[in-house]
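In what follows, a single structure is set out as structure tokens and then discussed.
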Amino acid sequence: MKRAGPVLVGGLLLAAASNPWPAASQRTIAVNLPLPAAHPVAASGWRRFAETAARDKQFAFRLFVDGSLLGRKHAMDGVAHGDAQMGYTTLAAYPAGMPHRAVPGRLALAGPDPMAGAAAMSEFVMLHCPACLKSLAQHGIVFLGSHAAGPFHLLSPRPLARADTLKGARIASPGPPWDRLLQRLDGLPVAVEGSLAQALETGNIDAVLGPVALLATPALADRAQTVTAIHLGIHRVASPFTASLGFWRTLMPEERAALLDAAPVGLAAAALAYRAADQEARKAMEKAGIAFSRAHPALMRRAADFDAGDGAVELRATGEGTTGLAAAFRRLHDKYSRLFAEAGSPAGLSDELSAGPVAGVLRREIFDRLDPETYGLGLERP
């Protein structure tokens, strides 16, 4: 079992822990991360979150990487049941209980700007969607904001650029709603536990759906020699700092405030680490001779029609119901694109990226508007 020590990520002791063994007065928070220790969310996002939340020495964090506490399949259920106080879960994995079926999950695929999309999803859920918060409470979890990876592509040993080349292809999928997208393209979505590189080597999968940042891992770069760019602006919007509702209800308001204050710092750090990993991966691709292969127009058309039919989400739509939610999300997406550009953040494609301005925008627009006395507690108190 791979376990990281108190405030430990991949063997690196965080500066927040002046004493590796927590004092009796500290709350020790067990964190399940179904991610490798070097993952941007673990190594950067959770590092900064833990450092910020532990400044007053009221918390100590014990990170269990690679899903070593709860596994990968039970990441959300384990947090909900209190087997871990906090952990990483994927918002798109449980959209069914939210209003208008899978609207939040589909919105997670929308928009060309991952940073703005993550911020928009955070504000959308935390400030503008009471039904979303009710659903999350019913699931036994508390949402502390979204982060996002870069655009998703197909990473594979050979090109998968034509519509017919995906037929029957076994593709490692992050889960809903990507499963439905791959099925529409005649691919077979596969949930992979463990090493993606090993799954490719053993022939258990034919491709991986994910950001090119994954190719920063040498083993995967050795196996995936082609990136089929589907150019859908798909990005993952997840909940890296999910809290168990039962644990959240045991906290004093000032303790909840400390975790809410740490969230924008961690979200910004994770996003910028993803950006850096993407840049490193592109350098590794060039060195390894990994090529981009543009998807055939027929494949693009089939993917672009993914949301056609009942419950379709049109981002520019107005009105009530599903389309009204999409319109609200789009307004938030446009707002954050502008705010991050003004702050010189990744949305502005600045060469000098800093987590401070990004976290400042998130704190001002979202987290400072939350009431730690009531946020996330659900409709009924115990």
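Identifiers for the structure tokens are assigned positionally: chains receive A, B, ... in sequence, residues are indexed from 1 per chain, and ligands are indexed from 1 in the order shown.
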Region 353-365 of chain A surroundings by only C-alpha atoms, 8 Å radius, close-in-sequence under 2 positions cut, as JSON, numbers by chain: {"A": [119, 123, 261, 264, 265, 267, 268, 269, 272, 339, 340, 343, 344, 345, 346, 350, 351, 367, 368, 369]}
Top pick for closest residue to Ala216 (chain A), considering A:Ile290, A:Ala169, A:Met252, A:Leu245 and counting only C-alpha atoms: A:Ile290
Long-range neighbours of Gly78 (chain A) as a PyMOL selection string, 12 Å cut-off, only C-alpha atoms, 2 positions minimum in chain: chain A and resi 30-34+67-76+80-89+139-141+242-246
All helix (DSSP H, G or I) residues (DSSP, backbone) inside region 142-295 of chain A, as a ChimeraX atom specification: /A:163-166,178-184,196-201,212-216,218-223,245-250,253-288
What's the 12 Å shell around region 39-43 of chain A, counting only C-alpha atoms, without same-chain residues fewer than 2 positions away, as a compact mmCIF listing (two decimals) with N, CA and C atoms, in the first residue's frame?
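Result written to part23.txt:
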# COMPACT_ATOMS: atom_id res chain seq x y z
N ALA A 4 1.46 8.18 1.75
CA ALA A 4 2.30 9.34 2.00
C ALA A 4 2.11 9.76 3.44
N VAL A 7 1.12 15.37 5.56
CA VAL A 7 1.42 16.42 4.60
C VAL A 7 2.56 16.01 3.68
N LEU A 8 2.46 14.82 3.14
CA LEU A 8 3.54 14.27 2.33
C LEU A 8 3.02 13.94 0.94
N VAL A 9 3.72 14.43 -0.09
CA VAL A 9 3.35 14.12 -1.46
C VAL A 9 4.57 13.54 -2.14
N GLY A 10 4.49 12.27 -2.48
CA GLY A 10 5.57 11.65 -3.24
C GLY A 10 6.92 11.77 -2.57
N GLY A 11 6.99 11.69 -1.24
CA GLY A 11 8.25 11.73 -0.53
C GLY A 11 8.71 13.14 -0.19
N LEU A 12 7.92 14.14 -0.53
CA LEU A 12 8.31 15.52 -0.25
C LEU A 12 7.52 16.03 0.93
N LEU A 13 8.19 16.32 2.04
CA LEU A 13 7.52 16.84 3.23
C LEU A 13 7.21 18.31 3.04
N LEU A 14 5.93 18.67 3.18
CA LEU A 14 5.54 20.05 2.94
C LEU A 14 6.01 20.96 4.06
N VAL A 31 -6.53 12.08 3.21
CA VAL A 31 -6.89 12.53 1.87
C VAL A 31 -6.64 11.40 0.88
N ASN A 32 -7.68 10.97 0.18
CA ASN A 32 -7.53 9.94 -0.84
C ASN A 32 -7.34 10.59 -2.21
N LEU A 33 -6.21 10.32 -2.85
CA LEU A 33 -5.93 10.85 -4.18
C LEU A 33 -5.74 9.69 -5.15
N PRO A 34 -6.70 9.44 -6.04
CA PRO A 34 -6.54 8.38 -7.03
C PRO A 34 -5.63 8.83 -8.16
N LEU A 35 -4.50 9.42 -7.78
CA LEU A 35 -3.56 10.05 -8.71
C LEU A 35 -2.15 9.70 -8.27
N PRO A 36 -1.19 9.62 -9.20
CA PRO A 36 0.20 9.42 -8.80
C PRO A 36 0.74 10.63 -8.06
N ALA A 37 1.79 10.41 -7.29
CA ALA A 37 2.35 11.48 -6.46
C ALA A 37 2.83 12.66 -7.29
N GLY A 45 -1.20 21.19 -6.53
CA GLY A 45 -2.48 21.65 -5.99
C GLY A 45 -2.65 21.31 -4.52
N TRP A 46 -2.46 20.04 -4.17
CA TRP A 46 -2.64 19.66 -2.77
C TRP A 46 -1.50 20.17 -1.89
N ARG A 47 -0.33 20.31 -2.45
CA ARG A 47 0.77 20.89 -1.66
C ARG A 47 0.42 22.29 -1.19
N ARG A 48 -0.02 23.13 -2.12
CA ARG A 48 -0.35 24.51 -1.76
C ARG A 48 -1.60 24.58 -0.89
N PHE A 49 -2.57 23.72 -1.16
CA PHE A 49 -3.77 23.69 -0.33
C PHE A 49 -3.40 23.36 1.12
N ALA A 50 -2.60 22.28 1.30
CA ALA A 50 -2.23 21.86 2.65
C ALA A 50 -1.38 22.90 3.35
N GLU A 51 -0.43 23.50 2.64
CA GLU A 51 0.40 24.54 3.25
C GLU A 51 -0.44 25.70 3.74
N ARG A 62 -2.72 14.01 5.72
CA ARG A 62 -2.04 12.78 5.34
C ARG A 62 -2.59 12.36 3.98
N LEU A 63 -1.73 12.42 2.98
CA LEU A 63 -2.15 12.16 1.61
C LEU A 63 -1.85 10.71 1.24
N PHE A 64 -2.87 10.01 0.73
CA PHE A 64 -2.72 8.65 0.25
C PHE A 64 -2.80 8.69 -1.27
N VAL A 65 -1.63 8.62 -1.93
CA VAL A 65 -1.58 8.76 -3.38
C VAL A 65 -1.87 7.42 -4.05
N ASP A 66 -2.11 7.48 -5.37
CA ASP A 66 -2.43 6.29 -6.17
C ASP A 66 -3.66 5.56 -5.66
N GLY A 67 -4.56 6.30 -4.98
CA GLY A 67 -5.77 5.67 -4.47
C GLY A 67 -5.50 4.62 -3.41
N GLY A 87 -10.75 14.24 -0.47
CA GLY A 87 -10.20 13.50 -1.58
C GLY A 87 -10.54 14.12 -2.91
N TYR A 88 -10.06 13.49 -3.96
CA TYR A 88 -10.28 13.94 -5.33
C TYR A 88 -11.43 13.14 -5.94
N THR A 89 -12.42 13.85 -6.48
CA THR A 89 -13.51 13.19 -7.19
C THR A 89 -13.76 13.96 -8.49
N SER A 146 -13.47 23.72 -8.72
CA SER A 146 -13.00 22.89 -9.83
C SER A 146 -11.61 23.31 -10.29
N HIS A 147 -10.89 22.36 -10.82
CA HIS A 147 -9.69 22.67 -11.57
C HIS A 147 -9.89 22.08 -12.97
N ALA A 148 -8.98 22.33 -13.87
CA ALA A 148 -9.12 21.79 -15.22
C ALA A 148 -7.76 21.46 -15.81
N ALA A 149 -7.74 20.39 -16.58
CA ALA A 149 -6.56 20.06 -17.37
C ALA A 149 -6.67 20.77 -18.71
N GLY A 150 -5.73 20.50 -19.60
CA GLY A 150 -5.79 21.07 -20.93
C GLY A 150 -6.76 20.31 -21.81
N ALA A 213 -0.42 16.62 -21.45
CA ALA A 213 0.40 16.65 -20.24
C ALA A 213 0.71 15.26 -19.73
N LEU A 214 -0.13 14.28 -20.05
CA LEU A 214 0.14 12.90 -19.64
C LEU A 214 1.44 12.38 -20.23
N LEU A 215 1.85 12.95 -21.38
CA LEU A 215 3.06 12.47 -22.05
C LEU A 215 4.33 12.98 -21.38
N ALA A 216 4.17 13.79 -20.33
CA ALA A 216 5.34 14.17 -19.54
C ALA A 216 5.88 12.95 -18.79
N THR A 217 5.05 11.90 -18.67
CA THR A 217 5.49 10.64 -18.07
C THR A 217 6.25 9.84 -19.12
N ALA A 238 -13.01 18.84 -12.42
CA ALA A 238 -13.12 17.90 -11.31
C ALA A 238 -13.17 18.64 -9.98
N SER A 239 -13.25 17.88 -8.91
CA SER A 239 -13.33 18.43 -7.56
C SER A 239 -12.13 17.92 -6.77
N PRO A 240 -11.00 18.61 -6.84
CA PRO A 240 -9.78 18.07 -6.23
C PRO A 240 -9.78 18.11 -4.71
N PHE A 241 -10.55 19.01 -4.11
CA PHE A 241 -10.55 19.17 -2.65
C PHE A 241 -11.91 18.82 -2.06
N VAL A 265 -6.09 28.91 -3.64
CA VAL A 265 -4.64 28.78 -3.79
C VAL A 265 -4.30 27.44 -4.42
N GLY A 266 -4.94 26.37 -3.91
CA GLY A 266 -4.69 25.05 -4.46
C GLY A 266 -5.18 24.90 -5.88
N LEU A 267 -6.36 25.48 -6.19
CA LEU A 267 -6.90 25.40 -7.54
C LEU A 267 -5.98 26.09 -8.54
N ALA A 268 -5.49 27.27 -8.16
CA ALA A 268 -4.60 28.01 -9.05
C ALA A 268 -3.29 27.26 -9.26
N ALA A 269 -2.74 26.70 -8.18
CA ALA A 269 -1.48 25.96 -8.29
C ALA A 269 -1.64 24.73 -9.18
N ALA A 270 -2.75 24.02 -9.05
CA ALA A 270 -2.98 22.83 -9.88
C ALA A 270 -3.09 23.21 -11.34
N ALA A 271 -3.82 24.29 -11.63
CA ALA A 271 -4.01 24.71 -13.02
C ALA A 271 -2.69 25.11 -13.66
N LEU A 272 -1.87 25.85 -12.93
CA LEU A 272 -0.60 26.29 -13.49
C LEU A 272 0.37 25.11 -13.63
N ALA A 273 0.28 24.14 -12.72
CA ALA A 273 1.12 22.95 -12.85
C ALA A 273 0.72 22.14 -14.07
N TYR A 274 -0.59 22.08 -14.35
CA TYR A 274 -1.03 21.42 -15.58
C TYR A 274 -0.46 22.14 -16.80
N ARG A 275 -0.48 23.48 -16.77
CA ARG A 275 0.05 24.23 -17.90
C ARG A 275 1.53 23.93 -18.09
N ALA A 276 2.28 23.89 -16.99
CA ALA A 276 3.71 23.59 -17.08
C ALA A 276 3.94 22.16 -17.57
N ALA A 277 3.12 21.21 -17.09
CA ALA A 277 3.27 19.83 -17.54
C ALA A 277 2.96 19.70 -19.02
N ASP A 278 1.97 20.47 -19.49
CA ASP A 278 1.63 20.46 -20.90
C ASP A 278 2.82 20.95 -21.73
All residues 10 Å or closer to Glu201 (chain A), only C-alpha atoms, same chain fewer than 4 positions away omitted, as a VMD selection string: chain A and resid 157 195 to 197 205 to 206 219 to 220 222 to 224
Go ahead and write the residues just picked, C-alpha atoms, as a short mmCIF file (atom, residue, chain, number, x, y, z; two decimals), in the first residue's frame.
data_model
loop_
_atom_site.label_atom_id
_atom_site.label_comp_id
_atom_site.auth_asym_id
_atom_site.auth_seq_id
_atom_site.Cartn_x
_atom_site.Cartn_y
_atom_site.Cartn_z
CA PRO A 157 0.72 4.13 -30.77
CA SER A 195 -0.52 2.50 -15.29
CA LEU A 196 -1.83 3.74 -18.63
CA ALA A 197 1.55 2.94 -20.19
CA ILE A 205 -6.22 -0.58 -24.52
CA ASP A 206 -5.52 0.93 -27.92
CA ALA A 219 6.76 5.48 -19.91
CA LEU A 220 3.58 6.71 -21.58
CA ASP A 222 7.42 5.69 -25.09
CA ARG A 223 4.16 3.87 -25.84
CA ALA A 224 2.05 6.62 -27.40
#
